[in-house]
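Okay, protein.pdb now, which holds PDB, C-alpha atoms and all ligand atoms:
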ATOM      1  CA  MET A   1      -9.914   8.134  11.047
ATOM      2  CA  ARG A   2     -12.279   5.443   9.888
ATOM      3  CA  GLN A   3     -14.456   4.178  12.675
ATOM      4  CA  ALA A   4     -16.196   0.827  12.756
ATOM      5  CA  ARG A   5     -19.857   1.098  13.653
ATOM      6  CA  TRP A   6     -21.871  -1.575  15.193
ATOM      7  CA  SER A   7     -24.896  -2.357  13.148
ATOM      8  CA  LEU A   8     -24.083  -4.940  10.529
ATOM      9  CA  ASN A   9     -24.937  -2.435   7.798
ATOM     10  CA  GLY A  10     -22.816   0.220   9.420
ATOM     11  CA  TYR A  11     -19.943  -2.199   9.666
ATOM     12  CA  ARG A  12     -20.281  -2.998   5.981
ATOM     13  CA  ALA A  13     -20.288   0.704   5.202
ATOM     14  CA  VAL A  14     -16.809   1.276   6.624
ATOM     15  CA  HIS A  15     -15.095  -1.938   5.571
ATOM     16  CA  ASP A  16     -14.702  -3.365   2.126
ATOM     17  CA  THR A  17     -16.719  -6.486   2.785
ATOM     18  CA  ALA A  18     -16.764  -7.391  -0.902
ATOM     19  CA  ARG A  19     -13.116  -8.391  -0.686
ATOM     20  CA  PRO A  20     -12.297  -9.906   2.693
ATOM     21  CA  ILE A  21      -8.597 -10.466   3.269
ATOM     22  CA  VAL A  22      -9.296 -13.649   5.254
ATOM     23  CA  ARG A  23     -12.188 -15.916   4.342
ATOM     24  CA  ALA A  24     -12.737 -19.195   6.167
ATOM     25  CA  VAL A  25     -15.512 -21.588   5.229
ATOM     26  CA  ASP A  26     -16.191 -24.583   7.464
ATOM     27  CA  LEU A  27     -12.546 -24.547   8.512
ATOM     28  CA  THR A  28     -11.694 -27.693  10.437
ATOM     29  CA  VAL A  29      -8.414 -28.771  12.021
ATOM     30  CA  THR A  30      -8.090 -32.108  13.741
ATOM     31  CA  TYR A  31      -4.921 -33.135  15.544
ATOM     32  CA  GLU A  32      -4.189 -36.723  16.548
ATOM     33  CA  SER A  33      -5.418 -35.693  19.989
ATOM     34  CA  GLY A  34      -8.775 -34.519  18.578
ATOM     35  CA  PRO A  35     -10.474 -31.544  16.915
ATOM     36  CA  ALA A  36      -9.091 -28.045  17.521
ATOM     37  CA  LEU A  37     -11.337 -26.181  15.072
ATOM     38  CA  ASP A  38     -14.700 -27.440  13.929
ATOM     39  CA  ARG A  39     -16.403 -25.936  10.850
ATOM     40  CA  VAL A  40     -15.431 -22.346  11.594
ATOM     41  CA  SER A  41     -16.601 -19.761   9.039
ATOM     42  CA  PHE A  42     -15.797 -16.037   9.122
ATOM     43  CA  GLU A  43     -14.359 -13.124   7.195
ATOM     44  CA  VAL A  44     -11.823 -10.481   8.167
ATOM     45  CA  TYR A  45     -11.674  -7.096   6.468
ATOM     46  CA  LYS A  46      -8.828  -4.737   5.744
ATOM     47  CA  GLY A  47      -7.911  -2.366   8.529
ATOM     48  CA  GLU A  48      -9.923  -3.954  11.296
ATOM     49  CA  ARG A  49      -8.752  -4.889  14.775
ATOM     50  CA  LEU A  50     -10.267  -8.226  15.698
ATOM     51  CA  ALA A  51      -9.926  -9.826  19.120
ATOM     52  CA  VAL A  52      -9.958 -13.623  19.162
ATOM     53  CA  VAL A  53     -11.054 -14.870  22.583
ATOM     54  CA  GLY A  54     -11.931 -18.212  24.096
ATOM     55  CA  PRO A  55     -10.767 -20.531  26.867
ATOM     56  CA  ASN A  56      -7.473 -22.422  26.929
ATOM     57  CA  GLY A  57      -7.421 -24.953  24.118
ATOM     58  CA  ALA A  58     -10.195 -23.163  22.180
ATOM     59  CA  GLY A  59      -8.149 -23.258  18.977
ATOM     60  CA  LYS A  60      -6.943 -19.638  18.825
ATOM     61  CA  SER A  61      -3.283 -20.449  18.060
ATOM     62  CA  THR A  62      -4.363 -23.178  15.683
ATOM     63  CA  LEU A  63      -6.483 -20.664  13.789
ATOM     64  CA  PHE A  64      -3.569 -18.225  13.468
ATOM     65  CA  LYS A  65      -1.240 -20.995  12.292
ATOM     66  CA  VAL A  66      -3.683 -21.991   9.575
ATOM     67  CA  ILE A  67      -4.032 -18.369   8.422
ATOM     68  CA  ALA A  68      -0.236 -18.025   8.389
ATOM     69  CA  GLY A  69       0.115 -21.224   6.343
ATOM     70  CA  ILE A  70       2.037 -23.055   9.085
ATOM     71  CA  LEU A  71      -0.733 -25.669   9.456
ATOM     72  CA  GLN A  72      -2.997 -27.179   6.828
ATOM     73  CA  PRO A  73      -6.733 -27.487   7.483
ATOM     74  CA  THR A  74      -8.111 -30.996   7.756
ATOM     75  CA  ALA A  75     -11.293 -29.902   5.992
ATOM     76  CA  GLY A  76     -13.003 -26.733   4.826
ATOM     77  CA  ARG A  77     -11.480 -23.797   3.018
ATOM     78  CA  ILE A  78      -9.396 -20.775   3.875
ATOM     79  CA  GLU A  79      -8.444 -17.943   1.535
ATOM     80  CA  ILE A  80      -5.973 -15.182   2.293
ATOM     81  CA  TYR A  81      -6.192 -12.237  -0.075
ATOM     82  CA  GLY A  82      -8.083 -14.615  -2.342
ATOM     83  CA  GLY A  83      -5.207 -17.112  -2.435
ATOM     84  CA  VAL A  84      -3.865 -19.943  -0.338
ATOM     85  CA  PRO A  85      -2.268 -19.354   3.078
ATOM     86  CA  GLY A  86       1.518 -19.121   3.076
ATOM     87  CA  GLU A  87       1.903 -17.525  -0.337
ATOM     88  CA  HIS A  88       1.616 -13.951   0.932
ATOM     89  CA  ILE A  89       4.698 -12.336   2.353
ATOM     90  CA  CYS A  90       2.558  -9.609   3.903
ATOM     91  CA  VAL A  91       1.095 -11.919   6.583
ATOM     92  CA  ALA A  92       3.061 -12.035   9.848
ATOM     93  CA  TYR A  93       2.459 -14.456  12.695
ATOM     94  CA  VAL A  94       3.778 -13.360  16.088
ATOM     95  CA  PRO A  95       3.826 -16.366  18.432
ATOM     96  CA  GLN A  96       3.180 -16.350  22.148
ATOM     97  CA  ARG A  97       6.283 -15.162  23.980
ATOM     98  CA  SER A  98       6.140 -18.253  26.161
ATOM     99  CA  VAL A  99       7.025 -20.550  23.239
ATOM    100  CA  VAL A 100      10.205 -18.622  22.368
ATOM    101  CA  ASP A 101      13.596 -19.654  23.763
ATOM    102  CA  TRP A 102      14.770 -16.265  24.999
ATOM    103  CA  ARG A 103      18.233 -17.630  25.871
ATOM    104  CA  PHE A 104      19.056 -17.884  22.173
ATOM    105  CA  PRO A 105      22.112 -15.634  21.622
ATOM    106  CA  VAL A 106      20.810 -13.118  19.085
ATOM    107  CA  THR A 107      20.415  -9.372  19.186
ATOM    108  CA  VAL A 108      17.248  -7.358  18.711
ATOM    109  CA  TYR A 109      18.594  -6.203  15.347
ATOM    110  CA  ASP A 110      19.110  -9.812  14.166
ATOM    111  CA  VAL A 111      15.557 -10.779  15.102
ATOM    112  CA  VAL A 112      14.028  -7.778  13.354
ATOM    113  CA  MET A 113      16.181  -8.451  10.272
ATOM    114  CA  MET A 114      14.585 -11.935  10.146
ATOM    115  CA  GLY A 115      11.460 -10.123   9.009
ATOM    116  CA  ARG A 116      13.309  -9.326   5.783
ATOM    117  CA  VAL A 117      14.195 -12.946   4.979
ATOM    118  CA  GLY A 118      11.117 -13.526   2.831
ATOM    119  CA  ARG A 119      12.033 -10.500   0.724
ATOM    120  CA  ILE A 120      15.814 -10.940   0.377
ATOM    121  CA  GLY A 121      15.948 -14.743   0.300
ATOM    122  CA  LEU A 122      17.830 -17.008   2.677
ATOM    123  CA  LEU A 123      21.219 -17.022   0.975
ATOM    124  CA  ARG A 124      21.563 -13.339   0.083
ATOM    125  CA  ARG A 125      22.971 -10.676   2.322
ATOM    126  CA  PRO A 126      20.742  -7.806   3.448
ATOM    127  CA  GLY A 127      21.158  -4.671   1.331
ATOM    128  CA  ARG A 128      20.885  -0.986   2.208
ATOM    129  CA  GLU A 129      17.106  -0.982   1.877
ATOM    130  CA  ASP A 130      16.833  -3.952   4.257
ATOM    131  CA  HIS A 131      18.935  -2.185   6.892
ATOM    132  CA  GLN A 132      16.826   0.947   6.428
ATOM    133  CA  LYS A 133      13.586  -1.004   6.867
ATOM    134  CA  VAL A 134      14.908  -2.586  10.060
ATOM    135  CA  GLN A 135      15.999   0.792  11.477
ATOM    136  CA  GLN A 136      12.625   2.307  10.608
ATOM    137  CA  ALA A 137      10.743  -0.612  12.159
ATOM    138  CA  LEU A 138      12.763  -0.335  15.363
ATOM    139  CA  ALA A 139      12.109   3.407  15.493
ATOM    140  CA  ARG A 140       8.353   2.881  15.021
ATOM    141  CA  VAL A 141       8.172   0.616  18.060
ATOM    142  CA  GLY A 142      10.530   2.763  20.148
ATOM    143  CA  LEU A 143      13.428   0.300  20.239
ATOM    144  CA  SER A 144      16.105   2.273  18.354
ATOM    145  CA  ASP A 145      18.330   2.260  21.435
ATOM    146  CA  PHE A 146      18.138  -1.510  21.772
ATOM    147  CA  VAL A 147      19.612  -2.686  18.468
ATOM    148  CA  SER A 148      22.628  -4.433  20.020
ATOM    149  CA  ARG A 149      20.773  -5.774  23.050
ATOM    150  CA  GLN A 150      20.632  -9.560  23.475
ATOM    151  CA  ILE A 151      17.010 -10.709  23.416
ATOM    152  CA  ALA A 152      17.486 -12.363  26.811
ATOM    153  CA  GLN A 153      17.928  -8.889  28.290
ATOM    154  CA  LEU A 154      14.574  -7.478  27.192
ATOM    155  CA  SER A 155      11.506  -6.901  29.319
ATOM    156  CA  GLY A 156       8.229  -8.552  28.302
ATOM    157  CA  GLY A 157       6.924  -5.356  26.731
ATOM    158  CA  GLN A 158      10.174  -4.860  24.820
ATOM    159  CA  GLN A 159      10.069  -8.476  23.589
ATOM    160  CA  GLN A 160       6.599  -7.885  22.232
ATOM    161  CA  ARG A 161       7.591  -4.642  20.542
ATOM    162  CA  MET A 162      10.616  -6.362  19.000
ATOM    163  CA  PHE A 163       8.290  -8.929  17.401
ATOM    164  CA  LEU A 164       6.092  -6.146  16.097
ATOM    165  CA  ALA A 165       9.204  -4.512  14.617
ATOM    166  CA  ARG A 166      10.004  -7.805  12.896
ATOM    167  CA  ALA A 167       6.501  -7.853  11.408
ATOM    168  CA  LEU A 168       6.917  -4.221  10.322
ATOM    169  CA  ALA A 169      10.289  -4.983   8.715
ATOM    170  CA  GLN A 170       8.482  -7.745   6.850
ATOM    171  CA  GLU A 171       6.088  -5.025   5.628
ATOM    172  CA  ALA A 172       3.198  -7.094   6.943
ATOM    173  CA  GLU A 173      -0.319  -5.912   6.166
ATOM    174  CA  LEU A 174      -2.021  -8.583   8.260
ATOM    175  CA  MET A 175      -0.574  -9.283  11.699
ATOM    176  CA  LEU A 176      -1.626 -12.295  13.755
ATOM    177  CA  LEU A 177      -0.593 -11.641  17.338
ATOM    178  CA  ASP A 178      -0.884 -14.584  19.707
ATOM    179  CA  GLU A 179      -1.562 -13.397  23.246
ATOM    180  CA  PRO A 180       0.652 -10.291  23.081
ATOM    181  CA  PHE A 181      -0.714  -8.889  26.368
ATOM    182  CA  THR A 182      -0.083 -11.957  28.495
ATOM    183  CA  GLY A 183       2.404 -11.254  31.277
ATOM    184  CA  LEU A 184       2.639  -7.508  30.625
ATOM    185  CA  ASP A 185       2.155  -4.998  33.409
ATOM    186  CA  LEU A 186      -0.431  -2.247  32.936
ATOM    187  CA  PRO A 187       1.904   0.480  31.557
ATOM    188  CA  SER A 188       3.411  -1.979  29.042
ATOM    189  CA  GLN A 189      -0.073  -3.123  28.100
ATOM    190  CA  ASN A 190      -1.127   0.480  27.488
ATOM    191  CA  ASP A 191       2.022   1.205  25.446
ATOM    192  CA  LEU A 192       1.278  -1.844  23.325
ATOM    193  CA  LEU A 193      -2.349  -0.797  22.851
ATOM    194  CA  ASP A 194      -1.203   2.665  21.706
ATOM    195  CA  LEU A 195       1.203   1.098  19.267
ATOM    196  CA  LEU A 196      -1.430  -1.261  17.882
ATOM    197  CA  GLU A 197      -3.865   1.623  17.460
ATOM    198  CA  ARG A 198      -1.234   3.493  15.467
ATOM    199  CA  LEU A 199      -0.607   0.459  13.247
ATOM    200  CA  GLN A 200      -4.320   0.075  12.643
ATOM    201  CA  ARG A 201      -4.591   3.746  11.682
ATOM    202  CA  GLU A 202      -1.853   3.086   9.122
ATOM    203  CA  GLY A 203      -4.079   0.422   7.542
ATOM    204  CA  ILE A 204      -2.608  -2.723   9.069
ATOM    205  CA  THR A 205      -5.164  -5.417   9.844
ATOM    206  CA  LEU A 206      -4.785  -6.948  13.285
ATOM    207  CA  MET A 207      -6.034 -10.276  14.603
ATOM    208  CA  ILE A 208      -5.091 -10.585  18.247
ATOM    209  CA  SER A 209      -5.775 -13.477  20.596
ATOM    210  CA  LEU A 210      -6.181 -12.613  24.232
ATOM    211  CA  HIS A 211      -7.625 -13.849  27.498
ATOM    212  CA  ASP A 212      -8.619 -10.537  29.036
ATOM    213  CA  LEU A 213     -12.258 -10.057  28.037
ATOM    214  CA  ASN A 214     -12.332  -6.532  29.444
ATOM    215  CA  LEU A 215      -9.499  -5.588  27.113
ATOM    216  CA  ALA A 216     -11.384  -7.157  24.213
ATOM    217  CA  ALA A 217     -14.541  -5.262  25.140
ATOM    218  CA  GLN A 218     -12.857  -1.901  25.509
ATOM    219  CA  HIS A 219     -10.227  -1.803  22.795
ATOM    220  CA  PHE A 220     -11.385  -3.902  19.876
ATOM    221  CA  THR A 221     -13.718  -3.190  17.002
ATOM    222  CA  ARG A 222     -14.878  -6.806  16.613
ATOM    223  CA  VAL A 223     -14.596  -9.880  18.758
ATOM    224  CA  MET A 224     -14.504 -13.542  17.729
ATOM    225  CA  LEU A 225     -15.497 -15.956  20.478
ATOM    226  CA  LEU A 226     -14.178 -19.450  19.858
ATOM    227  CA  ASN A 227     -14.349 -22.761  21.573
ATOM    228  CA  ARG A 228     -13.391 -25.124  18.750
ATOM    229  CA  SER A 229     -16.487 -23.962  16.920
ATOM    230  CA  LEU A 230     -17.318 -20.314  16.403
ATOM    231  CA  ILE A 231     -19.594 -19.248  19.245
ATOM    232  CA  ALA A 232     -20.078 -15.627  18.185
ATOM    233  CA  LEU A 233     -18.549 -12.924  16.011
ATOM    234  CA  GLY A 234     -19.477  -9.261  16.055
ATOM    235  CA  SER A 235     -19.128  -6.100  18.084
ATOM    236  CA  PRO A 236     -18.106  -6.492  21.750
ATOM    237  CA  GLN A 237     -21.696  -5.637  22.662
ATOM    238  CA  GLU A 238     -23.002  -8.425  20.479
ATOM    239  CA  VAL A 239     -20.486 -11.053  21.462
ATOM    240  CA  LEU A 240     -19.657 -10.550  25.107
ATOM    241  CA  ASN A 241     -22.957 -11.358  26.746
ATOM    242  CA  THR A 242     -23.886 -13.885  29.389
ATOM    243  CA  GLN A 243     -25.294 -16.447  27.005
ATOM    244  CA  THR A 244     -22.355 -16.577  24.595
ATOM    245  CA  LEU A 245     -19.761 -16.420  27.367
ATOM    246  CA  LEU A 246     -21.372 -19.307  29.200
ATOM    247  CA  ALA A 247     -21.473 -21.261  25.945
ATOM    248  CA  ALA A 248     -17.729 -20.730  25.531
ATOM    249  CA  TYR A 249     -16.440 -20.822  29.103
ATOM    250  CA  GLY A 250     -19.114 -22.774  30.931
ATOM    251  CA  GLY A 251     -18.471 -23.053  34.637
ATOM    252  CA  GLN A 252     -15.134 -21.232  34.492
ATOM    253  CA  LEU A 253     -16.928 -17.940  34.206
ATOM    254  CA  HIS A 254     -17.724 -15.497  36.951
ATOM    255  CA  ILE A 255     -19.749 -12.624  35.545
ATOM    256  CA  LEU A 256     -19.748  -9.497  37.683
ATOM    257  CA  SER A 257     -22.060  -7.482  35.531
ATOM    258  CA  GLU A 258     -23.787  -7.831  32.203
ATOM    259  CA  GLN A 259     -22.428  -4.449  31.195
ATOM    260  CA  VAL A 260     -19.839  -4.943  28.478
ATOM    261  CA  GLY A 261     -16.382  -4.302  29.833
ATOM    262  CA  GLN A 262     -17.116  -5.670  33.270
ATOM    263  CA  VAL A 263     -16.715  -9.352  32.671
ATOM    264  CA  VAL A 264     -14.185 -11.299  34.670
ATOM    265  CA  LEU A 265     -13.003 -14.839  34.498
ATOM    266  CA  GLY A 266     -12.550 -16.715  37.703
ATOM    267  CA  ASP A 267     -12.563 -20.183  39.119
ATOM    268  CA  THR A 268     -15.954 -19.648  40.715
ATOM    269  CA  CYS A 269     -18.503 -22.028  39.296
ATOM    270  CA  CYS A 270     -21.315 -20.296  37.502
ATOM    271  CA  ASP A 271     -24.423 -22.382  37.154
ATOM    272  CA  GLY A 272     -26.021 -20.437  34.371
ATOM    273  CA  GLY A 273     -26.984 -17.234  36.174
ATOM    274  CA  GLU A 274     -25.055 -14.045  36.833
ATOM    275  CA  HIS A 275     -23.347 -13.184  40.076
ATOM    276  CA  GLY A 276     -24.122  -9.755  41.412
ATOM    277  CA  ALA A 277     -21.671  -6.923  40.881
TER     278      ALA A 277
HETATM  279  N1  LIG B 301       0.668 -29.762  17.645
HETATM  280  C1  LIG B 301      -0.390 -30.235  18.289
HETATM  281  N2  LIG B 301      -0.621 -31.567  18.343
HETATM  282  C2  LIG B 301      -1.717 -32.061  18.974
HETATM  283  N3  LIG B 301      -2.636 -31.312  19.603
HETATM  284  C3  LIG B 301      -2.456 -29.966  19.588
HETATM  285  C4  LIG B 301      -1.325 -29.361  18.935
HETATM  286  N4  LIG B 301      -1.415 -28.024  19.084
HETATM  287  C5  LIG B 301      -2.538 -27.799  19.792
HETATM  288  N5  LIG B 301      -3.150 -28.955  20.096
HETATM  289  C6  LIG B 301      -4.419 -29.116  20.839
HETATM  290  O1  LIG B 301      -5.414 -28.427  20.076
HETATM  291  C7  LIG B 301      -6.296 -27.713  20.934
HETATM  292  C8  LIG B 301      -6.282 -26.226  20.573
HETATM  293  O2  LIG B 301      -4.999 -25.698  20.920
HETATM  294  P1  LIG B 301      -4.606 -24.183  20.638
HETATM  295  O3  LIG B 301      -3.201 -24.005  21.110
HETATM  296  O4  LIG B 301      -4.922 -23.833  19.251
HETATM  297  O5  LIG B 301      -5.629 -23.430  21.608
HETATM  298  P2  LIG B 301      -5.552 -21.946  22.209
HETATM  299  O6  LIG B 301      -6.936 -21.419  22.185
HETATM  300  O7  LIG B 301      -4.513 -21.153  21.498
HETATM  301  O8  LIG B 301      -5.111 -22.236  23.693
HETATM  302  P3  LIG B 301      -4.347 -21.270  24.763
HETATM  303  O9  LIG B 301      -5.280 -20.144  25.072
HETATM  304  O10 LIG B 301      -4.161 -22.178  25.938
HETATM  305  O11 LIG B 301      -3.064 -20.831  24.133
HETATM  306  C9  LIG B 301      -5.834 -28.009  22.362
HETATM  307  O12 LIG B 301      -6.610 -29.070  22.855
HETATM  308  C10 LIG B 301      -4.394 -28.433  22.205
HETATM  309  O13 LIG B 301      -4.003 -29.332  23.201
END
Can the structure from this file be put into structure tokens for me?
Amino acid sequence: MRQARWSLNGYRAVHDTARPIVRAVDLTVTYESGPALDRVSFEVYKGERLAVVGPNGAGKSTLFKVIAGILQPTAGRIEIYGGVPGEHICVAYVPQRSVVDWRFPVTVYDVVMMGRVGRIGLLRRPGREDHQKVQQALARVGLSDFVSRQIAQLSGGQQQRMFLARALAQEAELMLLDEPFTGLDLPSQNDLLDLLERLQREGITLMISLHDLNLAAQHFTRVMLLNRSLIALGSPQEVLNTQTLLAAYGGQLHILSEQVGQVVLGDTCCDGGEHGA
């Protein structure tokens, strides 16, 4: 298995940095309400697992929507596989579960088949290969027994795995997962982490937004810290330190220890120093 290493040179040695699959240069998105992303520049490489962290309203979902081609940048440039966002069928955006209307009367199978739409076209019926891809995707996420289940009857972890199956049916090579861990209990979180590790081993590139900094520190190869502008990007050790976290979270942060993997967010005001462990 290819391992990412943490010096910049080491990182370059294991990823093809000559051809990033996402390249953003001074990416800026401004809504009527104000700026959501401000001159953000970064690259993402094939096969990496990148955590995107930052406080509420930092621009994480906005970033994913721009990469997926759902939103246009106000200024700056973004290239996906060297082209414009939206033209690549192999990019899948998985929204936050909280924005989905789970009462909608569709089955798990129907939702996963939606992943095939870009390949079969809207007005054609799915063929044998499409049904095979859906069955395989459901098997890969462990939902083969749930094909006829209404989506309203799924647990949070199953909902998340269904969305991953949809992305797999789409044959996505870059998956943008918006807060997939939110609301999951620990066993479901661990199942999801195992699944994501497997997908990464198969060569799928993962960009995942999350709020749990400990999870980012322990399970991700690189971390992007955002708060409208890019605060830091690098290994968890490089990014998750007192200075950068205070720059992003300000007084919302309660740091228990400077050791990576022991950072917690709380409502305790932090006035620039650390609180003892
Ligand atoms: N469609 C929209 N119209 C206007 N403002 C928006 C829109 N979508 C997001 N915003 C604003 O843009 C900013 C960034 O929002 P975004 O959802 O990208 O942040 P986020 O980091 O994903 O937040 P969270 O962690 O709370 O999901 C916020 O201030 C938000 O209110």
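Counting only C-alpha atoms, the residue from A:Ala152, A:Met224, A:Ile204, A:Leu186 that sits nearest to Leu174 in chain A is A:Ile204.
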Between atom C1 of ligand LIG 301 (chain B) and CA of Arg77 in chain A, measure the distance and give it in Å to one decimal.
-> 19.9 Å
Applied to the shown file, which residues does the PyMOL selection byres (((not hetatm)) within 12 of (chain B and resi 301)) return, written as a PyMOL selection string?
-> chain A and resi 28-38+52-66+70-72+95-99+177-180+182+208-212+224-230+248-249
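Compared by their closest atoms to Gly47 in chain A, and using all atoms listed in the file, the residues A:Leu240, A:Leu138, A:Ile89, A:Val22 rank with A:Val22 nearest.
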How big is the axis-aligned box around the listed atoms of range 33-36 of chain A once 6 Å is added on each side, and where is its centre? Give both in Å to one decimal, as JSON.
{"center_x": -7.9, "center_y": -31.9, "center_z": 18.5, "size_x": 17.1, "size_y": 19.6, "size_z": 15.1}
Please write the residues picked by the PyMOL selection byres (((chain A and resi 102) around 7) and not hetatm) on this file as a ChimeraX atom specification.
-> /A:100-101,103-104,151-152
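Here the PyMOL selection byres (((chain A and resi 23) around 9) and not hetatm) catches exactly these residues: Pro20, Ile21, Val22, Ala24, Val25, Ser41, Phe42, Glu43, Val44, Arg77, Ile78, Glu79, Ile80, Tyr81 and Gly82 of chain A.
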Tell me which protein, DNA and RNA residues are within 9 Å of Arg140 in chain A, counting all atoms listed in the file, leaving out same-chain ones fewer than 3 positions away, and put them as a ChimeraX atom specification.
-> /A:135-137,143-144,165,168,195
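Distances from A:Leu50, A:Leu233, A:Ala139, A:Lys133 to Gln218 in chain A were compared using only C-alpha atoms, and the smallest one belongs to A:Leu50.
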Suppose you want the space between CA of Thr244 in chain A and CA of Val40 in chain A; what is it in Å?
-> 15.8 Å
Minimum-distance residue to Arg166 in chain A, chosen among A:His88, A:Lys46, A:Arg116, A:His219 (using all atoms listed in the file) | A:Arg116
A:Arg49, A:Arg19, A:Leu27, A:Ile67: which is nearest Pro236 in chain A, counting only C-alpha atoms?
->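 So, comparing all the options, the nearest one is A:Arg49.
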Interatomic distance between CA of Glu129 in chain A and CA of Val108 in chain A?
->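 These atoms are spaced 18.0 Å apart.
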Selection near Leu154 in chain A, 12 Å with all atoms listed in the file, sequence-local residues under 3 positions removed, as a list in words =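 So the residues in contact are Arg97, Trp102, Arg103, Val106, Thr107, Val108, Leu143, Asp145, Phe146, Val147, Ser148, Arg149, Gln150, Ile151, Gly157, Gln158, Gln159, Gln160, Arg161, Met162 and Phe163 of chain A.
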